[in-house]
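Asker: First the structure, then my questions, so here it is.
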Amino acid sequence: MSLKVFTTVVALILVVAGCTAVPSAGNAPAGLAISEPWVRAAATGNSAAYMLIRNGGTAADRLVKAESDVAAAVELHEMKMEGGMMKMAPVEGIAIPATGQVELKPGGLHIMLIGLKRELKAGESVKLTLHFEKAGAREVTAQVR
Amino acid sequence: MSRKIRPPVIWLLVAAGLLLIACLPARKLHGVPYDRPRPAPDLPLADQFGRAFSLADQRGKVVAVYFGYTSCPDVCPITLAQLTQVWRGLSSTEADRFQPVFVTVDPERDTEPVLARYLSAFDNALAGDRPRNFIGLRGPAEALARALDGYGARAEKRPQPGSAIGYTMDHTASIFLIDPAGNLIEWFPYGAAVDDILADVRYLIGRER
């Protein structure tokens with residue numbers, strides 16, 4: 001009897017340990033994960049980069065700067081529709097909440113590529129370096145669409 | 001007694017009939033229709049090659065008018081790409097009867113060559129078919145203000161001192177549709193579905209035959 005109780009307790013402990021181990025194993029890159037990066041094709045002028053930034057960590061982070069050698073300047077911008085008017089303005093940084101995500105997407109937040117040095121054609125790729133307050137620098141290769 | 005009842009019933013039927021007639025044409029449109037279609041206000045501007053433009057020359061075509069600026073990296077190219085998609089969704093004969101027009105609200109930066117180069121990325125190059133070009137319009141501030149006013153659109157310069165872009169333009173981001181007879185029919189807000197715009201362009205082209 002006592003052996004049965006013992007094995008049950010051990011089994012339970014193992015199950016609990018297994019359960020708690022699963023989530024941390026599921027978030028393979030415990031910190032930031034950047035997926036589906038892409039850049040809008042443009043003949044001249046400016047363009048924008050978009051992506052999904054997931055934060056698997058328990059601390060909030062912040063995208064503070066981005067760089068790329070395809071443009072004269074790279075800034076973080078946001079588009080807003082207000083009363084049928086489209087408005088665009090730079091933002092100081094983009095907060096990435098703990099265990100959350102931020103999507104940079106058309107019509108919203110984006111990384112703006114100002115003063116393209118060359119034409120960006122669909123199918124090409126563009127390298128970007130993103131600087132996060134905590135996670136540091138991350139290199140991203142974005143597809144031109 | 002029955003005489004007293006009959007007239008209201010008849011008027012009710014007449015009213016219902018009128019309502020039905022009034023609703024019929026509107027039901028075919030997916031955008032925001034104008035209560036009373038009116039002649040589309042002219043756009044007294046010049047195109048990307050410096051030629052004077054007149055809406056009257058576009059009779060027989062459905063014209064889509066969009067106000068924007070080429071430094072805008074997001075909402076403007078999204079909308080222009082949508083209009084290219086509409087163009088590509090049409091048959092070759094229909095495509096000849098559709099003309100998207102981009103009016104720059106930033107003539108200061110959007111010079112003729114800038115406009116021409118920018119718009120070339122959105123042309124409708126159907127495989128094995130002749131290319132069809134966007135018309136890009138620009139003009140002095142006064143003419144632009146008149147054009148905007150005619151469509152109930154607005155544009156405002158917003159300095160961005162901390163940014164490499166220098167300034168941005170807040171602007172109306174709607175698409176205005178003009179029928180082949182030159183009447184302003186409806187407008188689509190930003191983000192409208194391509195299929196809805198395509199359906200209406202096709203309907204307005206077909207209605208004229």
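Convention: chains lettered A, B, ... in structure tokens order; per-chain residue numbering from 1; ligands numbered from 1 as shown.
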As a PyMOL selection string, please: the residues near range 169-172 of chain B (cut-off 7 Å, only C-alpha atoms, same-chain neighbours under 3 positions excluded).
Answerer: (chain A and resi 84-87) or (chain B and resi 67-68+153-158)
Asker: Select, as a ChimeraX atom specification, those residues of chain A with any atom no more than 9 Å from chain B (distances computed using only C-alpha atoms).
Answerer: /A:40-48,72-75,79,81,83-90,106-108,110,112-115
Asker: From the set A:Leu32, A:Leu128, A:Leu76, A:Val140, which residue has the shortest atom-to-atom contact distance to Asn55 in chain A, counting only C-alpha atoms?
Answerer: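 The closest residue to Asn55 in chain A is A:Leu32.
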Asker: Would you give me, as a PyMOL selection string, the residues in chain B that DSSP reads as strand (DSSP E or B)?
Answerer: chain B and resi 32-39+46-47+52+62-68+98-104+124+132+135-138+155-160+166-172+175-178+183-188
Asker: For CA of Asp149 in chain B and CA of Val103 in chain B, determine how far apart the two atoms are, in Å to one decimal place.
Answerer: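 These atoms are spaced 12.8 Å apart.
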